[in-house]
$ cat start-v9.cif   # mmCIF, C-alpha atoms
data_data
loop_
_atom_site.label_atom_id
_atom_site.label_comp_id
_atom_site.auth_asym_id
_atom_site.auth_seq_id
_atom_site.Cartn_x
_atom_site.Cartn_y
_atom_site.Cartn_z
CA MET A 1 -6.55 9.86 6.21
CA CYS A 2 -10.06 10.68 7.26
CA GLY A 3 -13.60 10.30 6.09
CA ILE A 4 -16.07 13.15 5.73
CA PHE A 5 -19.79 13.13 5.10
CA GLY A 6 -22.65 15.59 5.13
CA PHE A 7 -26.17 16.57 4.22
CA ILE A 8 -28.03 19.73 3.29
CA GLY A 9 -31.71 19.97 2.45
CA SER A 10 -35.06 19.74 4.17
CA LYS A 11 -34.76 16.63 6.33
CA PRO A 12 -32.27 13.77 5.90
CA ASN A 13 -33.25 10.21 5.12
CA LEU A 14 -31.91 8.59 8.27
CA SER A 15 -31.16 5.27 6.71
CA LEU A 16 -29.06 6.85 3.96
CA LEU A 17 -27.42 9.16 6.49
CA LYS A 18 -26.35 6.17 8.58
CA GLU A 19 -25.10 4.40 5.48
CA ILE A 20 -22.80 7.28 4.53
CA GLY A 21 -21.74 7.73 8.16
CA GLU A 22 -20.67 4.09 8.27
CA LEU A 23 -18.87 4.39 4.94
CA ALA A 24 -16.97 7.49 6.10
CA SER A 25 -15.97 5.69 9.30
CA THR A 26 -14.07 3.07 7.28
CA ARG A 27 -11.50 5.80 6.55
CA GLY A 28 -11.16 7.15 10.09
CA VAL A 29 -11.14 4.76 13.02
CA HIS A 30 -9.96 6.81 16.01
CA GLY A 31 -12.67 9.37 16.57
CA TRP A 32 -15.61 11.17 15.05
CA GLY A 33 -17.49 14.45 15.15
CA ILE A 34 -20.84 15.58 13.76
CA ALA A 35 -21.95 19.21 13.65
CA SER A 36 -25.18 20.90 12.64
CA ASP A 37 -26.73 24.28 13.35
CA SER A 38 -27.67 23.41 16.89
CA ARG A 39 -25.72 20.29 17.77
CA PHE A 40 -22.14 19.11 18.05
CA GLU A 41 -21.45 15.50 18.97
CA VAL A 42 -18.04 13.89 19.27
CA GLY A 43 -16.82 10.45 20.26
CA ASP A 44 -13.89 8.05 20.33
CA GLY A 45 -13.40 5.04 18.10
CA LYS A 46 -15.33 4.18 14.98
CA LEU A 47 -18.56 6.03 14.27
CA GLU A 48 -19.87 2.74 12.88
CA GLN A 49 -20.20 1.53 16.49
CA LYS A 50 -22.25 4.59 17.55
CA ILE A 51 -24.10 5.09 14.32
CA ASP A 52 -27.47 5.58 16.02
CA ILE A 53 -26.24 8.98 17.22
CA LEU A 54 -27.36 10.15 13.80
CA ASP A 55 -30.98 9.63 14.88
CA SER A 56 -30.61 12.77 16.95
CA PHE A 57 -29.89 14.76 13.77
CA LYS A 58 -33.15 13.73 12.10
CA ASP A 59 -34.63 17.23 12.10
CA GLU A 60 -31.49 19.11 11.05
CA SER A 61 -31.42 20.90 7.70
CA TRP A 62 -27.68 20.40 7.42
CA LEU A 63 -24.91 18.49 9.07
CA ILE A 64 -21.22 17.81 8.51
CA GLY A 65 -19.49 14.71 9.86
CA HIS A 66 -15.85 13.76 10.14
CA CYS A 67 -14.21 10.45 11.03
CA ARG A 68 -10.66 10.83 12.20
CA LEU A 69 -7.57 8.74 11.80
CA ALA A 70 -5.06 10.02 14.34
CA THR A 71 -1.47 9.88 13.28
CA PHE A 72 0.16 9.06 16.61
CA GLY A 73 -0.20 8.30 20.29
CA ASN A 74 -2.60 10.84 21.67
CA TYR A 75 -5.98 10.17 20.16
CA GLU A 76 -7.66 12.87 22.16
CA GLY A 77 -6.61 15.64 19.80
CA VAL A 78 -8.89 18.04 18.01
CA VAL A 79 -11.89 16.38 16.44
CA GLN A 80 -13.38 17.83 13.30
CA PRO A 81 -15.68 19.32 12.04
CA LEU A 82 -14.12 22.60 13.06
CA ARG A 83 -16.06 25.76 13.72
CA SER A 84 -14.44 29.07 12.81
CA GLU A 85 -16.19 32.38 13.41
CA ARG A 86 -18.34 32.05 10.32
CA HIS A 87 -17.97 28.51 9.06
CA THR A 88 -18.34 24.88 10.08
CA PHE A 89 -16.17 22.64 7.96
CA ALA A 90 -14.49 19.25 7.59
CA HIS A 91 -11.21 18.72 5.80
CA ASN A 92 -9.56 15.57 4.52
CA GLY A 93 -5.86 16.05 3.81
CA ASN A 94 -2.82 17.81 5.24
CA VAL A 95 -1.98 21.50 5.37
CA TYR A 96 1.81 21.42 5.49
CA ASN A 97 2.13 25.20 5.04
CA TYR A 98 -0.38 26.17 7.73
CA LYS A 99 2.14 28.20 9.73
CA TYR A 100 3.06 30.21 6.67
CA LEU A 101 -0.60 30.78 5.80
CA ALA A 102 -1.44 31.81 9.39
CA ASN A 103 1.44 34.25 9.37
CA TYR A 104 0.34 35.58 5.98
CA ILE A 105 -3.12 36.57 7.25
CA HIS A 106 -1.88 37.53 10.77
CA TYR A 107 -3.88 34.73 12.35
CA THR A 108 -2.99 33.07 15.64
CA MET A 109 -3.69 29.33 15.65
CA LYS A 110 -5.86 28.24 18.57
CA THR A 111 -5.37 24.48 18.22
CA ASP A 112 -2.63 22.17 16.93
CA CYS A 113 -4.88 21.08 14.07
CA ASP A 114 -3.46 22.22 10.73
CA SER A 115 -6.96 22.34 9.19
CA GLU A 116 -7.92 25.24 11.49
CA ILE A 117 -6.23 27.63 9.09
CA LEU A 118 -8.77 26.81 6.38
CA GLY A 119 -11.60 28.29 8.48
CA ALA A 120 -9.54 31.39 9.20
CA LEU A 121 -8.92 31.89 5.48
CA LEU A 122 -12.61 31.43 4.68
CA ASP A 123 -13.55 33.87 7.46
CA VAL A 124 -11.38 36.63 6.05
CA GLY A 125 -13.05 36.27 2.67
CA TYR A 126 -11.05 33.79 0.64
CA SER A 127 -13.30 31.69 -1.59
CA LEU A 128 -13.19 27.93 -1.05
CA ARG A 129 -11.58 27.55 -4.45
CA LYS A 130 -8.88 30.09 -3.55
CA VAL A 131 -8.26 28.37 -0.22
CA SER A 132 -7.86 25.02 -1.95
CA GLN A 133 -5.34 26.51 -4.36
CA LEU A 134 -3.14 27.50 -1.42
CA LEU A 135 -2.80 23.92 -0.20
CA ASN A 136 -0.49 22.37 -2.82
CA GLN A 137 -1.65 18.97 -1.56
CA PRO A 138 -4.54 16.60 -2.20
CA TYR A 139 -7.69 17.71 -0.36
CA ALA A 140 -11.43 17.30 0.09
CA ILE A 141 -13.32 20.02 1.96
CA LEU A 142 -16.95 20.39 2.93
CA THR A 143 -17.99 23.70 4.49
CA THR A 144 -21.00 25.77 5.37
CA THR A 145 -21.40 29.09 3.59
CA LYS A 146 -23.72 32.06 4.04
CA LYS A 147 -26.22 30.48 1.69
CA GLY A 148 -25.73 26.78 2.33
CA MET A 149 -22.84 24.42 1.80
CA SER A 150 -19.86 24.19 -0.53
CA ALA A 151 -17.61 21.30 -1.45
CA ILE A 152 -14.37 20.94 -3.33
CA ARG A 153 -11.84 18.18 -3.80
CA LYS A 154 -8.62 17.32 -5.61
CA GLY A 155 -6.71 14.08 -5.33
CA LEU A 156 -8.91 12.83 -2.50
CA PRO A 157 -12.40 11.44 -2.91
CA LEU A 158 -15.71 13.18 -2.26
CA PHE A 159 -18.95 11.83 -3.69
CA VAL A 160 -22.28 13.61 -3.93
CA SER A 161 -25.85 12.53 -4.51
CA GLU A 162 -28.67 15.03 -5.04
CA ARG A 163 -32.03 13.65 -3.92
CA GLU A 164 -35.52 15.01 -3.49
CA GLU A 165 -35.02 15.75 0.23
CA GLY A 166 -31.54 17.20 -0.17
CA THR A 167 -27.92 16.57 -1.07
CA TYR A 168 -25.65 13.98 0.57
CA PHE A 169 -21.85 13.90 0.58
CA CYS A 170 -19.38 11.18 1.51
CA SER A 171 -15.70 10.32 1.06
CA ARG A 172 -16.74 6.87 -0.16
CA ALA A 173 -18.99 6.10 -3.10
CA PHE A 174 -22.59 5.33 -2.13
CA ASP A 175 -25.83 4.54 -3.91
CA ARG A 176 -26.57 6.96 -6.80
CA SER A 177 -23.53 9.09 -5.97
CA GLU A 178 -20.97 10.62 -8.28
CA PRO A 179 -17.49 11.97 -7.57
CA LEU A 180 -17.14 15.74 -7.64
CA LYS A 181 -15.00 16.94 -10.51
CA GLU A 182 -11.50 17.79 -9.34
CA GLY A 183 -10.67 21.40 -8.44
CA ARG A 184 -14.19 22.70 -9.03
CA GLU A 185 -16.18 24.36 -6.24
CA TYR A 186 -19.75 23.15 -5.89
CA SER A 187 -22.41 25.03 -3.93
CA TYR A 188 -25.64 23.61 -2.51
CA LYS A 189 -28.63 25.12 -0.71
CA MET B 1 15.75 -7.50 -18.08
CA ILE B 2 19.03 -7.48 -16.23
CA GLN B 3 18.40 -8.94 -12.79
CA THR B 4 20.62 -7.30 -10.23
CA LEU B 5 18.89 -7.48 -6.85
CA GLY B 6 18.76 -10.66 -4.81
CA ARG B 7 16.52 -11.37 -1.82
CA LYS B 8 15.58 -8.23 0.11
CA GLN B 9 17.37 -9.64 3.14
CA THR B 10 20.67 -9.91 1.30
CA SER B 11 20.74 -6.62 -0.61
CA SER B 12 21.43 -3.23 0.89
CA HIS B 13 19.41 -0.03 0.61
CA GLU B 14 22.20 1.39 -1.55
CA ASP B 15 21.88 -1.53 -4.01
CA TRP B 16 18.21 -0.65 -4.47
CA VAL B 17 18.92 3.04 -4.97
CA GLN B 18 21.54 2.18 -7.57
CA VAL B 19 19.10 -0.02 -9.47
CA MET B 20 16.47 2.72 -9.34
CA ASP B 21 18.99 5.17 -10.78
CA ASN B 22 19.60 2.85 -13.75
CA ILE B 23 16.13 1.38 -14.11
CA GLU B 24 15.52 2.37 -17.76
CA ARG B 25 18.57 0.35 -18.78
CA ILE B 26 17.62 -2.58 -16.55
CA VAL B 27 13.89 -2.79 -17.40
CA PRO B 28 12.82 -1.23 -20.70
CA LYS B 29 9.33 0.27 -20.59
CA ARG B 30 8.05 -2.16 -23.24
CA GLU B 31 8.97 -5.10 -21.05
CA LEU B 32 7.15 -3.63 -18.07
CA ASP B 33 4.08 -2.84 -20.21
CA ASN B 34 3.88 -6.46 -21.37
CA LEU B 35 4.10 -7.70 -17.81
CA LEU B 36 1.48 -5.20 -16.67
CA ASP B 37 -0.90 -6.32 -19.43
CA ARG B 38 -0.43 -9.99 -18.54
CA SER B 39 -1.10 -9.32 -14.86
CA VAL B 40 -4.24 -7.29 -15.64
CA GLU B 41 -5.56 -10.08 -17.88
CA ASP B 42 -4.83 -12.66 -15.19
CA VAL B 43 -6.83 -10.63 -12.65
CA LYS B 44 -9.76 -10.17 -15.04
CA LYS B 45 -9.82 -13.88 -15.81
CA LYS B 46 -9.56 -15.17 -12.24
CA THR B 47 -11.89 -12.66 -10.59
CA LYS B 48 -14.62 -12.48 -13.21
CA GLY B 49 -18.00 -12.36 -11.49
CA LYS B 50 -16.43 -12.74 -8.04
CA LYS B 51 -16.51 -10.37 -5.08
CA THR B 52 -12.95 -9.15 -4.87
CA ALA B 53 -10.81 -6.57 -3.06
CA PHE B 54 -7.09 -6.04 -2.61
CA ALA B 55 -4.81 -5.48 0.35
CA TRP B 56 -2.81 -2.25 0.28
CA SER B 57 -0.01 -1.32 2.65
CA GLY B 58 1.36 1.83 1.03
CA GLY B 59 4.63 0.12 0.13
CA LYS B 60 6.21 -0.21 -3.32
CA ASP B 61 4.58 -3.59 -4.05
CA SER B 62 1.19 -2.22 -3.04
CA ILE B 63 1.65 0.74 -5.34
CA ALA B 64 2.36 -1.59 -8.28
CA LEU B 65 -0.56 -3.80 -7.28
CA GLU B 66 -2.80 -0.73 -7.08
CA GLY B 67 -1.83 0.08 -10.68
CA VAL B 68 -2.76 -3.44 -11.84
CA MET B 69 -6.03 -3.26 -9.89
CA LYS B 70 -6.97 0.08 -11.41
CA GLU B 71 -6.51 -1.34 -14.90
CA ALA B 72 -8.45 -4.47 -13.97
CA GLY B 73 -11.32 -2.46 -12.45
CA VAL B 74 -10.88 -3.55 -8.81
CA HIS B 75 -11.24 -0.49 -6.59
CA GLU B 76 -12.14 -1.72 -3.09
CA CYS B 77 -9.17 -2.31 -0.81
CA LEU B 78 -8.09 -2.48 2.79
CA MET B 79 -5.15 -1.40 4.88
CA GLY B 80 -4.31 -3.07 8.17
CA MET B 81 -2.74 -0.77 10.73
CA SER B 82 -1.99 -0.50 14.44
CA ASN B 83 -1.59 2.52 16.70
CA LEU B 84 2.17 2.17 16.31
CA GLU B 85 2.55 3.67 12.86
CA TYR B 86 4.95 6.43 11.84
CA PRO B 87 2.98 9.74 11.72
CA GLN B 88 4.88 10.75 8.60
CA PHE B 89 3.70 7.60 6.85
CA LEU B 90 0.09 8.17 7.86
CA ARG B 91 0.27 11.73 6.53
CA TRP B 92 1.52 10.31 3.23
CA VAL B 93 -1.31 7.75 3.27
CA THR B 94 -3.80 10.56 3.82
CA ASP B 95 -2.59 12.27 0.68
CA TYR B 96 -2.09 9.34 -1.64
CA MET B 97 -4.22 6.37 -0.61
CA PRO B 98 -6.56 4.69 -3.11
CA ASP B 99 -10.11 6.08 -3.09
CA GLY B 100 -11.66 2.74 -2.17
CA LEU B 101 -9.51 2.17 0.91
CA GLU B 102 -10.97 0.90 4.18
CA VAL B 103 -8.80 1.08 7.29
CA ILE B 104 -8.80 -1.83 9.72
CA ASN B 105 -7.12 -0.92 12.97
CA THR B 106 -5.99 -3.97 14.91
CA GLY B 107 -5.40 -1.75 17.95
CA GLN B 108 -1.87 -2.49 19.20
CA ASP B 109 -0.60 0.62 20.97
CA LEU B 110 2.09 1.68 23.43
CA LYS B 111 0.29 0.14 26.40
CA TRP B 112 0.10 -3.14 24.52
CA LEU B 113 3.76 -2.88 23.50
CA ALA B 114 4.80 -2.29 27.13
CA LYS B 115 3.27 -5.68 27.96
CA HIS B 116 4.80 -7.40 24.91
CA GLN B 117 8.31 -6.03 24.81
CA ASP B 118 9.60 -9.23 23.23
CA MET B 119 7.87 -7.99 20.06
CA LEU B 120 9.93 -4.79 19.91
CA PHE B 121 12.34 -4.51 16.94
CA PRO B 122 12.18 -8.19 15.86
CA GLN B 123 15.52 -9.94 15.79
CA ASP B 124 14.26 -13.08 14.07
CA SER B 125 11.87 -14.01 11.30
CA THR B 126 9.43 -15.71 13.71
CA THR B 127 8.79 -12.47 15.60
CA ALA B 128 8.55 -10.52 12.36
CA ALA B 129 6.00 -13.03 11.10
CA LYS B 130 3.99 -12.58 14.31
CA TRP B 131 3.64 -8.86 13.58
CA PHE B 132 2.49 -9.64 10.07
CA LYS B 133 -0.06 -12.15 11.29
CA MET B 134 -1.31 -9.84 14.04
CA ILE B 135 -1.87 -6.83 11.80
CA GLN B 136 -2.04 -7.67 8.10
CA HIS B 137 -3.53 -11.16 8.29
CA LYS B 138 -5.98 -10.18 11.01
CA ALA B 139 -7.14 -7.14 9.04
CA GLN B 140 -7.49 -9.21 5.86
CA GLU B 141 -9.57 -11.83 7.66
CA LYS B 142 -11.84 -9.17 9.17
CA TYR B 143 -12.34 -7.44 5.86
CA PHE B 144 -12.88 -10.74 4.02
CA GLU B 145 -15.62 -11.72 6.45
CA LYS B 146 -17.24 -8.28 6.71
CA HIS B 147 -17.57 -7.88 2.95
CA GLN B 148 -18.12 -11.58 2.25
CA LEU B 149 -15.36 -11.61 -0.32
CA GLU B 150 -14.67 -14.53 -2.57
CA ILE B 151 -11.08 -13.54 -3.36
CA ILE B 152 -8.61 -11.25 -1.67
CA ILE B 153 -5.78 -10.00 -3.87
CA LEU B 154 -2.31 -9.56 -2.40
CA GLY B 155 0.99 -8.08 -3.53
CA ARG B 156 2.94 -11.21 -2.59
CA ARG B 157 5.94 -11.98 -4.77
CA LYS B 158 8.24 -14.97 -5.24
CA ALA B 159 11.26 -12.66 -5.20
CA ASP B 160 10.40 -11.78 -1.60
CA GLY B 161 10.14 -15.46 -0.72
CA ASN B 162 6.40 -15.12 -0.06
CA TYR B 163 4.06 -18.10 -0.15
CA ILE B 164 1.72 -17.75 -3.12
CA GLY B 165 0.29 -21.25 -3.49
CA LYS B 166 1.32 -24.77 -4.37
CA LYS B 167 3.46 -25.55 -7.42
CA GLY B 168 3.86 -21.97 -8.48
CA GLU B 169 0.12 -21.28 -8.66
CA ASN B 170 -0.67 -17.74 -7.64
CA LEU B 171 -4.06 -18.58 -6.11
CA TYR B 172 -4.93 -20.75 -3.12
CA THR B 173 -7.56 -21.20 -0.42
CA ASN B 174 -6.43 -21.64 3.16
CA ARG B 175 -8.01 -23.68 5.97
CA GLN B 176 -10.18 -20.76 7.04
CA GLY B 177 -11.66 -20.64 3.54
CA ILE B 178 -9.90 -17.44 2.52
CA THR B 179 -8.87 -17.40 -1.13
CA ARG B 180 -5.70 -15.41 -1.75
CA PHE B 181 -4.57 -14.40 -5.20
CA SER B 182 -1.16 -12.87 -5.96
CA PRO B 183 -1.19 -11.49 -9.52
CA ILE B 184 2.24 -9.87 -9.28
CA ALA B 185 3.87 -13.02 -7.89
CA ASP B 186 6.30 -13.21 -10.81
CA TRP B 187 7.34 -9.55 -10.72
CA THR B 188 10.96 -9.08 -9.75
CA HIS B 189 12.19 -6.27 -7.51
CA GLU B 190 13.41 -4.56 -10.67
CA HIS B 191 9.92 -4.72 -12.21
CA ILE B 192 8.47 -3.06 -9.12
CA LEU B 193 11.04 -0.28 -9.25
CA ALA B 194 10.37 0.11 -12.97
CA TYR B 195 6.65 0.52 -12.28
CA LEU B 196 7.40 3.28 -9.77
CA HIS B 197 9.70 4.93 -12.27
CA TYR B 198 7.49 4.78 -15.37
CA TYR B 199 4.02 5.13 -13.89
CA TYR B 200 3.87 6.41 -10.32
CA GLU B 201 3.42 10.16 -10.31
CA ASN B 202 3.08 10.81 -6.56
CA PRO B 203 5.95 11.13 -4.09
CA LEU B 204 7.15 7.75 -2.81
CA PRO B 205 6.18 6.75 0.73
CA PRO B 206 8.62 8.23 3.26
CA PHE B 207 10.08 4.81 4.22
CA TYR B 208 12.28 4.73 1.16
CA SER B 209 14.21 7.84 2.11
CA TRP B 210 14.84 6.61 5.67
CA PRO B 211 17.81 4.56 6.88
CA ARG B 212 17.75 1.09 5.28
CA GLY B 213 14.52 2.18 3.62
CA TYR B 214 14.20 -0.33 0.77
CA ARG B 215 15.35 -3.15 3.00
CA CYS B 216 12.84 -2.49 5.78
CA GLY B 217 9.90 -1.49 3.57
CA THR B 218 6.55 -0.65 5.19
CA HIS B 219 6.27 -1.51 8.86
CA SER B 220 4.94 -0.28 12.18
CA TRP B 221 7.83 1.48 13.89
CA ALA B 222 7.91 -1.10 16.71
CA ALA B 223 8.22 -3.87 14.12
CA ARG B 224 11.32 -2.36 12.52
CA GLN B 225 13.54 -5.25 11.49
CA TRP B 226 17.23 -6.01 11.35
CA CYS B 227 18.29 -3.46 13.95
CA ASN B 228 21.41 -4.36 15.91
CA GLY B 229 19.53 -4.75 19.17
CA ILE B 230 16.93 -2.73 21.06
CA MET B 231 19.06 0.39 21.60
CA ASP B 232 19.96 0.48 17.93
CA GLY B 233 16.26 0.20 17.12
CA TRP B 234 15.49 3.22 19.27
CA ARG B 235 18.39 5.07 17.68
CA GLU B 236 17.04 4.44 14.19
CA VAL B 237 13.49 5.38 15.12
CA TYR B 238 14.88 8.50 16.82
CA THR B 239 16.58 9.57 13.59
CA ILE B 240 13.26 9.18 11.78
CA ASP B 241 10.93 10.77 14.35
CA GLN B 242 12.13 11.82 17.81
CA ASP B 243 8.57 12.28 19.08
CA ILE B 244 7.92 8.54 18.79
CA VAL B 245 10.75 7.77 21.20
CA PHE B 246 9.73 10.50 23.64
CA GLU B 247 6.15 9.20 23.71
CA ALA B 248 7.33 5.58 24.01
CA SER B 249 9.60 6.47 26.95
CA LYS B 250 6.45 7.06 29.04
CA TYR B 251 5.62 3.34 28.72
CA ILE B 252 8.80 1.45 27.86
CA SER B 253 11.92 1.57 30.01
CA SER B 254 14.39 0.86 27.19
CA ALA B 255 13.17 3.98 25.36
CA LYS B 256 13.67 5.98 28.55
CA THR B 257 17.15 4.52 28.96
CA PHE B 258 17.97 5.38 25.36
CA LEU B 259 16.96 9.01 25.89
CA GLU B 260 18.93 9.21 29.14
CA ARG B 261 22.04 7.97 27.33
CA MET B 262 21.48 10.63 24.68
CA ARG B 263 21.86 13.43 27.21
#
$ encode --input "start-v9.cif" --output "structure tokens"
Amino acid sequence: MCGIFGFIGSKPNLSLLKEIGELASTRGVHGWGIASDSRFEVGDGKLEQKIDILDSFKDESWLIGHCRLATFGNYEGVVQPLRSERHTFAHNGNVYNYKYLANYIHYTMKTDCDSEILGALLDVGYSLRKVSQLLNQPYAILTTTKKGMSAIRKGLPLFVSEREEGTYFCSRAFDRSEPLKEGREYSYK
Amino acid sequence: MIQTLGRKQTSSHEDWVQVMDNIERIVPKRELDNLLDRSVEDVKKKTKGKKTAFAWSGGKDSIALEGVMKEAGVHECLMGMSNLEYPQFLRWVTDYMPDGLEVINTGQDLKWLAKHQDMLFPQDSTTAAKWFKMIQHKAQEKYFEKHQLEIIILGRRKADGNYIGKKGENLYTNRQGITRFSPIADWTHEHILAYLHYYYENPLPPFYSWPRGYRCGTHSWAARQWCNGIMDGWREVYTIDQDIVFEASKYISSAKTFLERMR
């Protein structure tokens, strides 16, 4: 179980960004990662305790954050968001058939993180909607695209709020946010 | 309803499976629906205008409680956990947890367990209660304070021998000022199984397909109860997830000994 959050637009409202970062961290307590065009920050523990790191993203036009709940023992595993060749993305959920999918597209996994396969599928041209249909499990995914950012969810939460300065995403409900409709791909610039 | 299961401690996993197989005969859907409606009304009445959340552990009682909460409009909830959980359970939680769930990690891990080996595989109810206090109670207290709740709702039931309040009341306030409310206190084990049967559409948590699954319920692997000693505890955990025992053997000598004997 993990929490994801993000922003795309002109310049984020830092106070709202911190609010959604803190909310996402209630779902993932072992580690966190935040990626933008030019930055990639990771840390251990709850993002809530290092929330001011988001100040350094104040000039970014997009960012994706992920708060991780490790399943066992070694908490130093791969921290999302993941970067594939052409995408930066965060995934909430499990990909039980990742080996099959990797084999299907002749892709060699580079990490032990099952979500890595999603980036590989997007890179070879699968749409986000198509990728989600291959999962057969609940999911919420937030990814960069050529033109901006896309989001999709089914069975797991992902809320969105479109504001004047841009669009915010979070796994938990926040002020003036609405849940994305299940199974539908949404794109934002 | 035909009551067939006694206290969890005195019935076997097989008894539970047998009841589940015959649940439509034991608890007709109409009976469960009436109970569900009464519980929802009770929640609405007692929590009206109050800041409320519920505790969720991913077990069968929590799933039934989650159903009552959904109907009653209570969405915020918490799960207490340590770093000694079964990975398979956490993967299930990832897929099927309530949307409003907040995780409170109380932090016990293998290093901690190595220093507190008397806590491993509890052989008595006092040690089992310590685990509960250390994880669930601690997490509930933290969440209660953080969110300034007025009432925390629990899945405690009389059939499990849980304390729910004086004179059969299902609401009480403890010395620390925490008000606990148990709306499914009167549900029998059979009612819980009936809820899973009639209403729960997701796969059940993995615990229930493991050895002594219904008897042990949700638990951190180190808090697994009613094993016949430490070695038997490691044997059971090994049958569930070998990796846990291999990792534990780096910190705990009895796990290492168990693996050596396996060779």
$ resolve_selection --input "start-v9.cif" --expression "the PyMOL selection byres ((chain A) within 10 of (chain B))" --output "MDAnalysis selection string"
chainID A and resid 1:3 23:30 46 69:75 92:94 96 137:139 155:158 171:173
$ residues_near_point --input "start-v9.cif" --point "(-9.4, -0.4, -17.7)" --cutoff "12 Å" --atoms "all atoms listed in the file" --output "JSON, numbers by chain"
{"B": [36, 37, 40, 41, 43, 44, 67, 68, 69, 70, 71, 72, 73, 74, 75]}
$ closest_residue --input "start-v9.cif" --among "A:Lys147, A:Tyr100, A:Leu134, A:Ser84" --to "Leu122 of chain A" --atoms "only C-alpha atoms"
A:Ser84
$ atom_distance --input "start-v9.cif" --atom1 "atom CA of Val19 of chain B" --atom2 "atom CA of Asp186 of chain B"
18.4 Å
$ atom_distance --input "start-v9.cif" --atom1 "atom CA of Arg38 of chain B" --atom2 "atom CA of Pro183 of chain B"
9.2 Å
$ residues_near_point --input "start-v9.cif" --point "(-22.3, 13.9, -1.7)" --cutoff "9 Å" --atoms "only C-alpha atoms" --output "list in words"
Phe5, Gly6, Phe7, Ala151, Leu158, Phe159, Val160, Ser161, Glu162, Thr167, Tyr168, Phe169, Cys170, Ser171, Ala173, Phe174, Ser177, Glu178, Pro179 and Leu180 of chain A
$ decode --input "start-v9.cif" --residues "segment 34-60 of chain A" --atoms "C-alpha atoms" --output "PDB file, in the first residue's frame"
ATOM      1  CA  ILE A  34       9.754  12.992  -5.454  1.00  0.00           C
ATOM      2  CA  ALA A  35      10.667  13.526  -9.106  1.00  0.00           C
ATOM      3  CA  SER A  36      10.361  16.482 -11.437  1.00  0.00           C
ATOM      4  CA  ASP A  37      12.033  17.469 -14.696  1.00  0.00           C
ATOM      5  CA  SER A  38      15.280  18.430 -13.050  1.00  0.00           C
ATOM      6  CA  ARG A  39      15.182  16.956  -9.569  1.00  0.00           C
ATOM      7  CA  PHE A  40      14.891  13.605  -7.862  1.00  0.00           C
ATOM      8  CA  GLU A  41      14.797  13.456  -4.076  1.00  0.00           C
ATOM      9  CA  VAL A  42      14.435  10.323  -1.980  1.00  0.00           C
ATOM     10  CA  GLY A  43      14.408   9.630   1.740  1.00  0.00           C
ATOM     11  CA  ASP A  44      13.650   7.099   4.460  1.00  0.00           C
ATOM     12  CA  GLY A  45      10.680   7.156   6.799  1.00  0.00           C
ATOM     13  CA  LYS A  46       7.591   9.286   6.516  1.00  0.00           C
ATOM     14  CA  LEU A  47       7.613  12.213   4.103  1.00  0.00           C
ATOM     15  CA  GLU A  48       5.514  14.056   6.690  1.00  0.00           C
ATOM     16  CA  GLN A  49       8.694  14.458   8.756  1.00  0.00           C
ATOM     17  CA  LYS A  50      10.659  15.979   5.836  1.00  0.00           C
ATOM     18  CA  ILE A  51       7.798  17.826   4.233  1.00  0.00           C
ATOM     19  CA  ASP A  52       9.807  21.027   3.737  1.00  0.00           C
ATOM     20  CA  ILE A  53      11.757  19.249   0.992  1.00  0.00           C
ATOM     21  CA  LEU A  54       8.844  20.274  -1.194  1.00  0.00           C
ATOM     22  CA  ASP A  55      10.005  23.896  -0.922  1.00  0.00           C
ATOM     23  CA  SER A  56      12.791  22.984  -3.315  1.00  0.00           C
ATOM     24  CA  PHE A  57      10.186  22.054  -5.956  1.00  0.00           C
ATOM     25  CA  LYS A  58       8.543  25.486  -5.884  1.00  0.00           C
ATOM     26  CA  ASP A  59       9.551  26.399  -9.423  1.00  0.00           C
ATOM     27  CA  GLU A  60       8.807  23.046 -11.055  1.00  0.00           C
TER      28      GLU A  60
END
